[in-house]
Amino acid sequence: MKKAEVFIDGKKSVDLPILTDTMENQALDIRALRQQTGLITYDPGFGNTGSCQSQICYLDGEKGILRYRGYAIEDLVEHCDFIEVAYLLIHGYLPNKKERERYSQLLNRHSLLHADMQSFFRRYPENSHPMSILAAMVVSLSAFYQIDLEEDPELQIDLTVTRLMSKLRTIAAFSYRKMKGFDFVNPSHTYSYCANFLNMMFSSPVVPYEPNPIHVKAMNKLLILHADHEQNCSTTAVRLVGSSEANLYAAISAGICALWGPRHGGANQAVIDMLEQIHNSGENLSKVIERAKDKNDPFRLMGFGHRVYKTYDPRAMIAKKTCEEVLSAMGTSDPLLDIAEELEGVALEDDYFKEKNLYPNVDFYTGIIFRAMGIPTNMYTVMFALGRLPGWIAHWLEWHHDPFERIGRPRQLYMGPAVRVVPPINERE
């Protein structure tokens, strides 16, 4: 095994093992660093820290590569539906026809919500954000569908995973219905996973509705694009909460809360808000680019750049193509897509964006697709969560079977006051 030598004040202190993953990437194993040297590492934002070993997702930000369990994202989007990809992430392999059919039936069987849970929805304020409802309802599932690990733990966990995969879709649709003031529509055995979701959202007793096959196909693609993305903020939250041996519902609820932030899952809503602002103002796009480069201007070009990708996000390429296909098949146009494509063209020719590796990310086009499907902007992050669920579950399961099973507990550099003495209260200023 390769090792790295660490010298402190010119003297050798420790040899650190160098680990190599299946893609030949290398990492320093610093687990013994503090014990042998008294030092810790300092890495704000954990941008250079590997927190675990994982078999779920691989991405190369420099080359624009994203794979789920070895399969390229482009290949999965082209040849699989969301249920197959969810099965892949959770079970570790793609299902055959019989397994896929059985899994689809299981998801339908467990898609109904407890009747008492429906009363919860009716008591949320009308202006509640759907993500607040989603997080609260998911953690509430643990009260209605308790996990008895003393009775065949693996079977109980598998049942819990299946319930969550199915019921989150129902919760998400109900949160939309609550927001609109409509009564709830229960899932139906006649529809596929994505078609069922759209039917629960948009079905009406007064207007005939049938899920549009174009929208169903697009939704499958969008959910696959969001299904996993290595150790991002929300996935790390799921693994961190899971490391305390909190149940799956609690860990997923934490992931939903982390995803809610505008710097993570909320970015696609921010992109639409920006494009609408540009459209309504009629501002020249060259001026928009110049404002984005001006450090003194608070305006930011949303949907460009990524913490990991230093080239074009492969998910953004697929989302852009899907967006064009959806609008073309519907025989409609959207001025926001025109603005987005023109912005992209201008930005990619600008030296500022080239030097800083600022390329479109997945959020840049997904919101336009949701918009074409009639999904309101405050539901965009809910859609992201629906797609990311199988990835979160896979990471929770992976930690559950991790031979290390160590609770997450980062260190810190304390920068506060040293030693202080408490003065009597009458002597304090």
# chains A, B, ... in the order shown; residues from 1 in each chain; ligands from 1

$ residues_around --residues "range 100-102 of chain A" --least-positions-apart "2" --cutoff "12 Å" --atoms "only C-alpha atoms" --output "PDB file with all heavy atoms, in the first residue's frame"
ATOM      1  N   CYS A  80     -34.269   3.480 -19.491  1.00  0.00           N
ATOM      2  CA  CYS A  80     -34.963   3.065 -18.271  1.00  0.00           C
ATOM      3  C   CYS A  80     -36.021   4.086 -17.867  1.00  0.00           C
ATOM      4  O   CYS A  80     -35.952   5.253 -18.261  1.00  0.00           O
ATOM      5  CB  CYS A  80     -33.966   2.908 -17.112  1.00  0.00           C
ATOM      6  SG  CYS A  80     -32.705   1.652 -17.387  1.00  0.00           S
ATOM      7  N   ASP A  81     -36.976   3.633 -17.059  1.00  0.00           N
ATOM      8  CA  ASP A  81     -37.875   4.583 -16.420  1.00  0.00           C
ATOM      9  C   ASP A  81     -37.423   4.774 -14.971  1.00  0.00           C
ATOM     10  O   ASP A  81     -36.486   4.127 -14.493  1.00  0.00           O
ATOM     11  CB  ASP A  81     -39.338   4.145 -16.515  1.00  0.00           C
ATOM     12  CG  ASP A  81     -39.629   2.841 -15.777  1.00  0.00           C
ATOM     13  OD1 ASP A  81     -38.794   2.397 -14.967  1.00  0.00           O
ATOM     14  OD2 ASP A  81     -40.705   2.251 -16.007  1.00  0.00           O
ATOM     15  N   PHE A  82     -38.080   5.675 -14.279  1.00  0.00           N
ATOM     16  CA  PHE A  82     -37.640   6.036 -12.927  1.00  0.00           C
ATOM     17  C   PHE A  82     -37.697   4.854 -11.965  1.00  0.00           C
ATOM     18  O   PHE A  82     -36.817   4.695 -11.112  1.00  0.00           O
ATOM     19  CB  PHE A  82     -38.489   7.187 -12.403  1.00  0.00           C
ATOM     20  CG  PHE A  82     -38.172   7.590 -10.994  1.00  0.00           C
ATOM     21  CD1 PHE A  82     -36.907   8.059 -10.645  1.00  0.00           C
ATOM     22  CD2 PHE A  82     -39.135   7.510  -9.997  1.00  0.00           C
ATOM     23  CE1 PHE A  82     -36.610   8.429  -9.350  1.00  0.00           C
ATOM     24  CE2 PHE A  82     -38.847   7.883  -8.692  1.00  0.00           C
ATOM     25  CZ  PHE A  82     -37.573   8.340  -8.364  1.00  0.00           C
ATOM     26  N   ILE A  83     -38.713   4.005 -12.093  1.00  0.00           N
ATOM     27  CA  ILE A  83     -38.851   2.862 -11.207  1.00  0.00           C
ATOM     28  C   ILE A  83     -37.646   1.927 -11.331  1.00  0.00           C
ATOM     29  O   ILE A  83     -37.127   1.411 -10.340  1.00  0.00           O
ATOM     30  CB  ILE A  83     -40.170   2.106 -11.491  1.00  0.00           C
ATOM     31  CG1 ILE A  83     -41.359   2.960 -11.060  1.00  0.00           C
ATOM     32  CG2 ILE A  83     -40.198   0.768 -10.751  1.00  0.00           C
ATOM     33  CD1 ILE A  83     -41.329   3.370  -9.609  1.00  0.00           C
ATOM     34  N   GLU A  84     -37.193   1.701 -12.544  1.00  0.00           N
ATOM     35  CA  GLU A  84     -36.024   0.840 -12.755  1.00  0.00           C
ATOM     36  C   GLU A  84     -34.774   1.447 -12.129  1.00  0.00           C
ATOM     37  O   GLU A  84     -33.959   0.741 -11.514  1.00  0.00           O
ATOM     38  CB  GLU A  84     -35.810   0.621 -14.253  1.00  0.00           C
ATOM     39  CG  GLU A  84     -36.904  -0.177 -14.938  1.00  0.00           C
ATOM     40  CD  GLU A  84     -36.717  -0.202 -16.441  1.00  0.00           C
ATOM     41  OE1 GLU A  84     -35.934  -1.033 -16.926  1.00  0.00           O
ATOM     42  OE2 GLU A  84     -37.363   0.629 -17.133  1.00  0.00           O
ATOM     43  N   VAL A  85     -34.601   2.759 -12.281  1.00  0.00           N
ATOM     44  CA  VAL A  85     -33.427   3.420 -11.715  1.00  0.00           C
ATOM     45  C   VAL A  85     -33.501   3.436 -10.188  1.00  0.00           C
ATOM     46  O   VAL A  85     -32.496   3.248  -9.515  1.00  0.00           O
ATOM     47  CB  VAL A  85     -33.290   4.847 -12.284  1.00  0.00           C
ATOM     48  CG1 VAL A  85     -32.163   5.605 -11.588  1.00  0.00           C
ATOM     49  CG2 VAL A  85     -33.036   4.785 -13.790  1.00  0.00           C
ATOM     50  N   ALA A  86     -34.696   3.658  -9.637  1.00  0.00           N
ATOM     51  CA  ALA A  86     -34.866   3.599  -8.187  1.00  0.00           C
ATOM     52  C   ALA A  86     -34.506   2.213  -7.671  1.00  0.00           C
ATOM     53  O   ALA A  86     -33.821   2.071  -6.648  1.00  0.00           O
ATOM     54  CB  ALA A  86     -36.307   3.952  -7.811  1.00  0.00           C
ATOM     55  N   TYR A  87     -34.945   1.187  -8.377  1.00  0.00           N
ATOM     56  CA  TYR A  87     -34.627  -0.196  -8.006  1.00  0.00           C
ATOM     57  C   TYR A  87     -33.112  -0.407  -8.048  1.00  0.00           C
ATOM     58  O   TYR A  87     -32.530  -1.034  -7.150  1.00  0.00           O
ATOM     59  CB  TYR A  87     -35.328  -1.151  -8.959  1.00  0.00           C
ATOM     60  CG  TYR A  87     -35.359  -2.594  -8.512  1.00  0.00           C
ATOM     61  CD1 TYR A  87     -36.495  -3.135  -7.914  1.00  0.00           C
ATOM     62  CD2 TYR A  87     -34.260  -3.439  -8.694  1.00  0.00           C
ATOM     63  CE1 TYR A  87     -36.541  -4.454  -7.509  1.00  0.00           C
ATOM     64  CE2 TYR A  87     -34.284  -4.757  -8.297  1.00  0.00           C
ATOM     65  CZ  TYR A  87     -35.424  -5.270  -7.698  1.00  0.00           C
ATOM     66  OH  TYR A  87     -35.456  -6.587  -7.287  1.00  0.00           O
ATOM     67  N   LEU A  88     -32.484   0.100  -9.083  1.00  0.00           N
ATOM     68  CA  LEU A  88     -31.028  -0.007  -9.221  1.00  0.00           C
ATOM     69  C   LEU A  88     -30.306   0.611  -8.031  1.00  0.00           C
ATOM     70  O   LEU A  88     -29.411  -0.006  -7.433  1.00  0.00           O
ATOM     71  CB  LEU A  88     -30.585   0.688 -10.516  1.00  0.00           C
ATOM     72  CG  LEU A  88     -29.084   0.962 -10.676  1.00  0.00           C
ATOM     73  CD1 LEU A  88     -28.313  -0.337 -10.864  1.00  0.00           C
ATOM     74  CD2 LEU A  88     -28.837   1.916 -11.855  1.00  0.00           C
ATOM     75  N   HIS A  91     -31.479  -1.436  -4.643  1.00  0.00           N
ATOM     76  CA  HIS A  91     -31.140  -2.851  -4.570  1.00  0.00           C
ATOM     77  C   HIS A  91     -29.758  -3.186  -5.131  1.00  0.00           C
ATOM     78  O   HIS A  91     -29.248  -4.279  -4.897  1.00  0.00           O
ATOM     79  CB  HIS A  91     -32.196  -3.686  -5.291  1.00  0.00           C
ATOM     80  CG  HIS A  91     -33.545  -3.656  -4.633  1.00  0.00           C
ATOM     81  ND1 HIS A  91     -34.482  -2.684  -4.921  1.00  0.00           N
ATOM     82  CD2 HIS A  91     -34.101  -4.451  -3.697  1.00  0.00           C
ATOM     83  CE1 HIS A  91     -35.564  -2.892  -4.184  1.00  0.00           C
ATOM     84  NE2 HIS A  91     -35.370  -3.953  -3.441  1.00  0.00           N
ATOM     85  N   TYR A  93     -28.855  -3.386  -8.420  1.00  0.00           N
ATOM     86  CA  TYR A  93     -28.829  -3.906  -9.789  1.00  0.00           C
ATOM     87  C   TYR A  93     -30.137  -3.555 -10.492  1.00  0.00           C
ATOM     88  O   TYR A  93     -31.154  -3.293  -9.847  1.00  0.00           O
ATOM     89  CB  TYR A  93     -28.622  -5.427  -9.795  1.00  0.00           C
ATOM     90  CG  TYR A  93     -29.743  -6.215  -9.132  1.00  0.00           C
ATOM     91  CD1 TYR A  93     -30.797  -6.740  -9.881  1.00  0.00           C
ATOM     92  CD2 TYR A  93     -29.748  -6.433  -7.753  1.00  0.00           C
ATOM     93  CE1 TYR A  93     -31.821  -7.458  -9.287  1.00  0.00           C
ATOM     94  CE2 TYR A  93     -30.774  -7.149  -7.141  1.00  0.00           C
ATOM     95  CZ  TYR A  93     -31.799  -7.659  -7.914  1.00  0.00           C
ATOM     96  OH  TYR A  93     -32.820  -8.365  -7.320  1.00  0.00           O
ATOM     97  N   LEU A  94     -30.109  -3.544 -11.814  1.00  0.00           N
ATOM     98  CA  LEU A  94     -31.312  -3.257 -12.593  1.00  0.00           C
ATOM     99  C   LEU A  94     -32.262  -4.457 -12.550  1.00  0.00           C
ATOM    100  O   LEU A  94     -31.816  -5.600 -12.682  1.00  0.00           O
ATOM    101  CB  LEU A  94     -30.938  -2.943 -14.047  1.00  0.00           C
ATOM    102  CG  LEU A  94     -30.361  -1.552 -14.313  1.00  0.00           C
ATOM    103  CD1 LEU A  94     -29.815  -1.475 -15.738  1.00  0.00           C
ATOM    104  CD2 LEU A  94     -31.420  -0.465 -14.096  1.00  0.00           C
ATOM    105  N   PRO A  95     -33.545  -4.221 -12.396  1.00  0.00           N
ATOM    106  CA  PRO A  95     -34.484  -5.336 -12.311  1.00  0.00           C
ATOM    107  C   PRO A  95     -34.756  -5.950 -13.681  1.00  0.00           C
ATOM    108  O   PRO A  95     -34.699  -5.263 -14.704  1.00  0.00           O
ATOM    109  CB  PRO A  95     -35.747  -4.665 -11.765  1.00  0.00           C
ATOM    110  CG  PRO A  95     -35.680  -3.268 -12.296  1.00  0.00           C
ATOM    111  CD  PRO A  95     -34.219  -2.910 -12.285  1.00  0.00           C
ATOM    112  N   ASN A  96     -35.048  -7.239 -13.676  1.00  0.00           N
ATOM    113  CA  ASN A  96     -35.538  -7.840 -14.913  1.00  0.00           C
ATOM    114  C   ASN A  96     -37.033  -7.535 -15.028  1.00  0.00           C
ATOM    115  O   ASN A  96     -37.603  -6.861 -14.167  1.00  0.00           O
ATOM    116  CB  ASN A  96     -35.261  -9.346 -14.964  1.00  0.00           C
ATOM    117  CG  ASN A  96     -35.889 -10.096 -13.794  1.00  0.00           C
ATOM    118  OD1 ASN A  96     -36.953  -9.730 -13.300  1.00  0.00           O
ATOM    119  ND2 ASN A  96     -35.229 -11.166 -13.348  1.00  0.00           N
ATOM    120  N   LYS A  97     -37.665  -8.028 -16.081  1.00  0.00           N
ATOM    121  CA  LYS A  97     -39.064  -7.680 -16.325  1.00  0.00           C
ATOM    122  C   LYS A  97     -39.966  -8.106 -15.174  1.00  0.00           C
ATOM    123  O   LYS A  97     -40.857  -7.362 -14.733  1.00  0.00           O
ATOM    124  CB  LYS A  97     -39.521  -8.327 -17.631  1.00  0.00           C
ATOM    125  CG  LYS A  97     -40.903  -7.871 -18.095  1.00  0.00           C
ATOM    126  CD  LYS A  97     -41.244  -8.452 -19.456  1.00  0.00           C
ATOM    127  CE  LYS A  97     -42.614  -7.963 -19.931  1.00  0.00           C
ATOM    128  NZ  LYS A  97     -42.955  -8.513 -21.280  1.00  0.00           N
ATOM    129  N   LYS A  98     -39.742  -9.318 -14.649  1.00  0.00           N
ATOM    130  CA  LYS A  98     -40.575  -9.835 -13.575  1.00  0.00           C
ATOM    131  C   LYS A  98     -40.380  -9.029 -12.298  1.00  0.00           C
ATOM    132  O   LYS A  98     -41.349  -8.676 -11.603  1.00  0.00           O
ATOM    133  CB  LYS A  98     -40.240 -11.306 -13.328  1.00  0.00           C
ATOM    134  CG  LYS A  98     -41.115 -11.979 -12.293  1.00  0.00           C
ATOM    135  CD  LYS A  98     -40.768 -13.463 -12.163  1.00  0.00           C
ATOM    136  CE  LYS A  98     -41.650 -14.136 -11.111  1.00  0.00           C
ATOM    137  NZ  LYS A  98     -41.310 -15.594 -10.981  1.00  0.00           N
ATOM    138  N   SER A 104     -43.363  -2.534  -9.145  1.00  0.00           N
ATOM    139  CA  SER A 104     -44.405  -1.564  -9.474  1.00  0.00           C
ATOM    140  C   SER A 104     -45.697  -1.878  -8.721  1.00  0.00           C
ATOM    141  O   SER A 104     -46.365  -0.974  -8.213  1.00  0.00           O
ATOM    142  CB  SER A 104     -44.660  -1.578 -10.986  1.00  0.00           C
ATOM    143  OG  SER A 104     -45.640  -0.632 -11.340  1.00  0.00           O
ATOM    144  N   GLN A 105     -46.032  -3.159  -8.628  1.00  0.00           N
ATOM    145  CA  GLN A 105     -47.232  -3.564  -7.895  1.00  0.00           C
ATOM    146  C   GLN A 105     -47.101  -3.250  -6.400  1.00  0.00           C
ATOM    147  O   GLN A 105     -48.067  -2.801  -5.767  1.00  0.00           O
ATOM    148  CB  GLN A 105     -47.495  -5.056  -8.103  1.00  0.00           C
ATOM    149  CG  GLN A 105     -47.923  -5.411  -9.515  1.00  0.00           C
ATOM    150  CD  GLN A 105     -48.017  -6.909  -9.739  1.00  0.00           C
ATOM    151  OE1 GLN A 105     -47.702  -7.713  -8.859  1.00  0.00           O
ATOM    152  NE2 GLN A 105     -48.437  -7.308 -10.940  1.00  0.00           N
ATOM    153  N   LEU A 106     -45.912  -3.470  -5.844  1.00  0.00           N
ATOM    154  CA  LEU A 106     -45.683  -3.167  -4.431  1.00  0.00           C
ATOM    155  C   LEU A 106     -45.844  -1.675  -4.158  1.00  0.00           C
ATOM    156  O   LEU A 106     -46.434  -1.272  -3.150  1.00  0.00           O
ATOM    157  CB  LEU A 106     -44.280  -3.627  -4.009  1.00  0.00           C
ATOM    158  CG  LEU A 106     -44.106  -5.101  -3.665  1.00  0.00           C
ATOM    159  CD1 LEU A 106     -42.629  -5.412  -3.426  1.00  0.00           C
ATOM    160  CD2 LEU A 106     -44.925  -5.473  -2.439  1.00  0.00           C
ATOM    161  N   LEU A 107     -45.312  -0.866  -5.052  1.00  0.00           N
ATOM    162  CA  LEU A 107     -45.410   0.586  -4.873  1.00  0.00           C
ATOM    163  C   LEU A 107     -46.862   1.041  -4.928  1.00  0.00           C
ATOM    164  O   LEU A 107     -47.280   1.917  -4.160  1.00  0.00           O
ATOM    165  CB  LEU A 107     -44.581   1.309  -5.936  1.00  0.00           C
ATOM    166  CG  LEU A 107     -43.061   1.153  -5.812  1.00  0.00           C
ATOM    167  CD1 LEU A 107     -42.357   1.813  -6.980  1.00  0.00           C
ATOM    168  CD2 LEU A 107     -42.555   1.734  -4.495  1.00  0.00           C
ATOM    169  N   ASN A 108     -47.649   0.461  -5.823  1.00  0.00           N
ATOM    170  CA  ASN A 108     -49.070   0.805  -5.881  1.00  0.00           C
ATOM    171  C   ASN A 108     -49.795   0.345  -4.619  1.00  0.00           C
ATOM    172  O   ASN A 108     -50.641   1.057  -4.080  1.00  0.00           O
ATOM    173  CB  ASN A 108     -49.721   0.170  -7.117  1.00  0.00           C
ATOM    174  CG  ASN A 108     -49.740   1.113  -8.307  1.00  0.00           C
ATOM    175  OD1 ASN A 108     -49.626   2.324  -8.155  1.00  0.00           O
ATOM    176  ND2 ASN A 108     -49.863   0.556  -9.496  1.00  0.00           N
ATOM    177  N   ARG A 109     -49.435  -0.834  -4.141  1.00  0.00           N
ATOM    178  CA  ARG A 109     -50.116  -1.406  -2.979  1.00  0.00           C
ATOM    179  C   ARG A 109     -49.924  -0.545  -1.734  1.00  0.00           C
ATOM    180  O   ARG A 109     -50.806  -0.451  -0.886  1.00  0.00           O
ATOM    181  CB  ARG A 109     -49.589  -2.818  -2.724  1.00  0.00           C
ATOM    182  CG  ARG A 109     -50.330  -3.579  -1.625  1.00  0.00           C
ATOM    183  CD  ARG A 109     -49.722  -4.958  -1.438  1.00  0.00           C
ATOM    184  NE  ARG A 109     -49.648  -5.693  -2.702  1.00  0.00           N
ATOM    185  CZ  ARG A 109     -48.905  -6.789  -2.870  1.00  0.00           C
ATOM    186  NH1 ARG A 109     -48.169  -7.257  -1.876  1.00  0.00           N
ATOM    187  NH2 ARG A 109     -48.903  -7.404  -4.039  1.00  0.00           N
ATOM    188  N   THR A 162     -40.041   0.547   0.786  1.00  0.00           N
ATOM    189  CA  THR A 162     -41.090   0.492  -0.234  1.00  0.00           C
ATOM    190  C   THR A 162     -42.221   1.457   0.099  1.00  0.00           C
ATOM    191  O   THR A 162     -42.735   2.169  -0.782  1.00  0.00           O
ATOM    192  CB  THR A 162     -41.637  -0.939  -0.357  1.00  0.00           C
ATOM    193  OG1 THR A 162     -40.550  -1.842  -0.617  1.00  0.00           O
ATOM    194  CG2 THR A 162     -42.649  -1.041  -1.476  1.00  0.00           C
ATOM    195  N   SER A 192     -49.039   4.186 -14.071  1.00  0.00           N
ATOM    196  CA  SER A 192     -47.645   3.975 -13.703  1.00  0.00           C
ATOM    197  C   SER A 192     -47.255   4.952 -12.588  1.00  0.00           C
ATOM    198  O   SER A 192     -48.048   5.825 -12.210  1.00  0.00           O
ATOM    199  CB  SER A 192     -46.739   4.198 -14.913  1.00  0.00           C
ATOM    200  OG  SER A 192     -46.793   5.574 -15.320  1.00  0.00           O
ATOM    201  N   TYR A 193     -46.040   4.833 -12.089  1.00  0.00           N
ATOM    202  CA  TYR A 193     -45.589   5.659 -10.972  1.00  0.00           C
ATOM    203  C   TYR A 193     -45.738   7.149 -11.285  1.00  0.00           C
ATOM    204  O   TYR A 193     -46.365   7.894 -10.529  1.00  0.00           O
ATOM    205  CB  TYR A 193     -44.130   5.327 -10.641  1.00  0.00           C
ATOM    206  CG  TYR A 193     -43.605   5.994  -9.389  1.00  0.00           C
ATOM    207  CD1 TYR A 193     -43.678   5.351  -8.162  1.00  0.00           C
ATOM    208  CD2 TYR A 193     -43.022   7.254  -9.445  1.00  0.00           C
ATOM    209  CE1 TYR A 193     -43.191   5.950  -7.004  1.00  0.00           C
ATOM    210  CE2 TYR A 193     -42.537   7.863  -8.300  1.00  0.00           C
ATOM    211  CZ  TYR A 193     -42.624   7.208  -7.085  1.00  0.00           C
ATOM    212  OH  TYR A 193     -42.143   7.827  -5.954  1.00  0.00           O
TER     213      TYR A 193
END

$ closest_atom_pairs --of "range 115-167 of chain A" --to "range 253-266 of chain A" --cutoff "12 Å" --atoms "only C-alpha atoms" --output "CSV"
residue,atom,partner,partner_atom,distance
A:His129,CA,A:Trp260,CA,10.1
A:Pro130,CA,A:Trp260,CA,10.0
A:Met131,CA,A:Trp260,CA,6.7
A:Ser132,CA,A:Cys257,CA,7.8
A:Ile133,CA,A:Ile256,CA,10.3
A:Leu134,CA,A:Ile256,CA,7.6
A:Ala135,CA,A:Ser253,CA,4.8
A:Ala136,CA,A:Ser253,CA,7.2
A:Met137,CA,A:Ser253,CA,8.5
A:Val138,CA,A:Ser253,CA,5.9
A:Val139,CA,A:Ser253,CA,5.7
A:Ser140,CA,A:Ser253,CA,9.4
A:Leu141,CA,A:Ser253,CA,10.1
A:Ser142,CA,A:Ser253,CA,10.7
A:Leu164,CA,A:Ser253,CA,11.0

$ residues_around --residues "Ile375 in chain A" --least-positions-apart "3" --cutoff "12 Å" --atoms "only C-alpha atoms" --output "list of chain:residue names"
A:Ala172, A:Ala173, A:Tyr176, A:Arg177, A:Met179, A:Lys180, A:Phe197, A:Leu198, A:Met201, A:Phe202, A:His215, A:Met219, A:Gln269, A:Thr366, A:Gly367, A:Ile368, A:Ile369, A:Phe370, A:Arg371, A:Ala372, A:Asn378, A:Met379, A:Tyr380, A:Thr381, A:Val382, A:Met383

$ closest_residue --among "A:Arg122, A:Arg163, A:Arg388, A:Arg406" --to "Ser175 in chain A" --atoms "only C-alpha atoms"
A:Arg122

$ closest_residue --among "A:Ser166, A:Gln156, A:Thr322, A:Asn426" --to "Lys217 in chain A" --atoms "only C-alpha atoms"
A:Thr322

$ atom_distance --atom1 "CA of Asn127 in chain A" --atom2 "CA of Asp183 in chain A"
16.1 Å

$ residues_around --residues "Thr20 in chain A" --least-positions-apart "3" --cutoff "12 Å" --atoms "only C-alpha atoms" --output "count of residues only"
12

$ residues_around --residues "Ala267 in chain A" --least-positions-apart "6" --cutoff "8 Å" --atoms "only C-alpha atoms" --output "PyMOL selection string"
chain A and resi 261+302-303+363

$ write_last_selection --atoms "all heavy atoms" --output "CSV table (one decimal), in the first residue's frame"
chain,number,residue,atom,x,y,z
A,261,GLY,N,-33.1,24.5,0.8
A,261,GLY,CA,-32.3,25.7,0.6
A,261,GLY,C,-32.1,26.2,-0.8
A,261,GLY,O,-31.9,25.3,-1.7
A,302,MET,N,-28.3,32.8,-12.2
A,302,MET,CA,-28.7,31.5,-11.5
A,302,MET,C,-28.6,30.4,-12.6
A,302,MET,O,-28.9,30.6,-13.7
A,302,MET,CB,-30.1,31.6,-10.9
A,302,MET,CG,-30.3,32.8,-9.9
A,302,MET,SD,-29.1,32.7,-8.6
A,302,MET,CE,-29.5,31.2,-7.8
A,303,GLY,N,-28.3,29.2,-12.1
A,303,GLY,CA,-28.2,28.0,-13.0
A,303,GLY,C,-26.9,27.8,-13.7
A,303,GLY,O,-26.8,26.9,-14.5
A,363,ASP,N,-30.2,22.8,-13.0
A,363,ASP,CA,-31.3,23.6,-12.6
A,363,ASP,C,-31.7,24.6,-13.7
A,363,ASP,O,-32.7,25.2,-13.7
A,363,ASP,CB,-30.9,24.4,-11.3
A,363,ASP,CG,-30.7,23.5,-10.1
A,363,ASP,OD1,-31.6,22.7,-9.9
A,363,ASP,OD2,-29.7,23.7,-9.5

$ closest_residue --among "A:Ser234, A:Ser111, A:Ser243, A:Ser119" --to "Met200 in chain A" --atoms "only C-alpha atoms"
A:Ser111

$ select_by_dssp --residues "range 47-124 of chain A" --states "helix (DSSP H, G or I)" --output "PyMOL selection string"
chain A and resi 73-79+82-91+97-109+115-123

$ closest_residue --among "A:Ala218, A:Ile252, A:Met415, A:Cys323" --to "Leu168 in chain A" --atoms "only C-alpha atoms"
A:Ile252

$ residues_around --residues "Glu324 in chain A" --least-positions-apart "4" --cutoff "12 Å" --atoms "only C-alpha atoms" --output "mmCIF file with C-alpha atoms, in the first residue's frame"
data_model
loop_
_atom_site.group_PDB
_atom_site.id
_atom_site.type_symbol
_atom_site.label_atom_id
_atom_site.label_comp_id
_atom_site.auth_asym_id
_atom_site.auth_seq_id
_atom_site.Cartn_x
_atom_site.Cartn_y
_atom_site.Cartn_z
ATOM 1 C CA ILE A 214 -45.276 13.506 -23.115
ATOM 2 C CA ALA A 218 -40.420 13.915 -19.307
ATOM 3 C CA MET A 317 -27.508 18.633 -21.511
ATOM 4 C CA ILE A 318 -30.261 16.044 -21.077
ATOM 5 C CA ALA A 319 -32.616 18.561 -19.441
ATOM 6 C CA LYS A 320 -32.111 21.037 -22.285
ATOM 7 C CA SER A 328 -42.084 20.839 -29.572
ATOM 8 C CA ALA A 329 -44.367 17.848 -28.921
ATOM 9 C CA MET A 330 -46.895 20.113 -27.202
ATOM 10 C CA GLY A 331 -46.799 22.488 -30.170
ATOM 11 C CA THR A 332 -46.015 25.436 -27.918
ATOM 12 C CA SER A 333 -43.167 27.800 -27.117
ATOM 13 C CA ASP A 334 -41.900 29.524 -24.011
ATOM 14 C CA LEU A 336 -38.129 31.754 -21.035
ATOM 15 C CA LEU A 337 -36.528 28.918 -23.020
ATOM 16 C CA ASP A 338 -35.523 31.393 -25.719
ATOM 17 C CA ALA A 340 -32.207 30.672 -21.396
ATOM 18 C CA GLU A 341 -30.681 29.389 -24.640
ATOM 19 C CA TYR A 365 -33.572 24.017 -17.804
ATOM 20 C CA THR A 366 -35.574 21.755 -15.466
ATOM 21 C CA ILE A 368 -38.925 25.387 -17.764
ATOM 22 C CA ILE A 369 -40.052 21.765 -18.210
ATOM 23 C CA ALA A 372 -44.702 23.531 -19.313
#

$ atom_distance --atom1 "CA of Arg69 in chain A" --atom2 "CA of Ile90 in chain A"
10.3 Å

$ residues_around --residues "range 72-79 of chain A" --least-positions-apart "5" --cutoff "9 Å" --atoms "only C-alpha atoms" --output "MDAnalysis selection string"
chainID A and resid 65:67 84:85 220:222 224:225 314:315 318

$ atom_distance --atom1 "CA of Gly242 in chain A" --atom2 "CA of Ile157 in chain A"
13.2 Å

$ select_by_dssp --residues "range 24-245 of chain A" --states "strand (DSSP E)" --output "VMD selection string"
chain A and resid 26 to 28 57 to 60 65 to 68 71 to 72
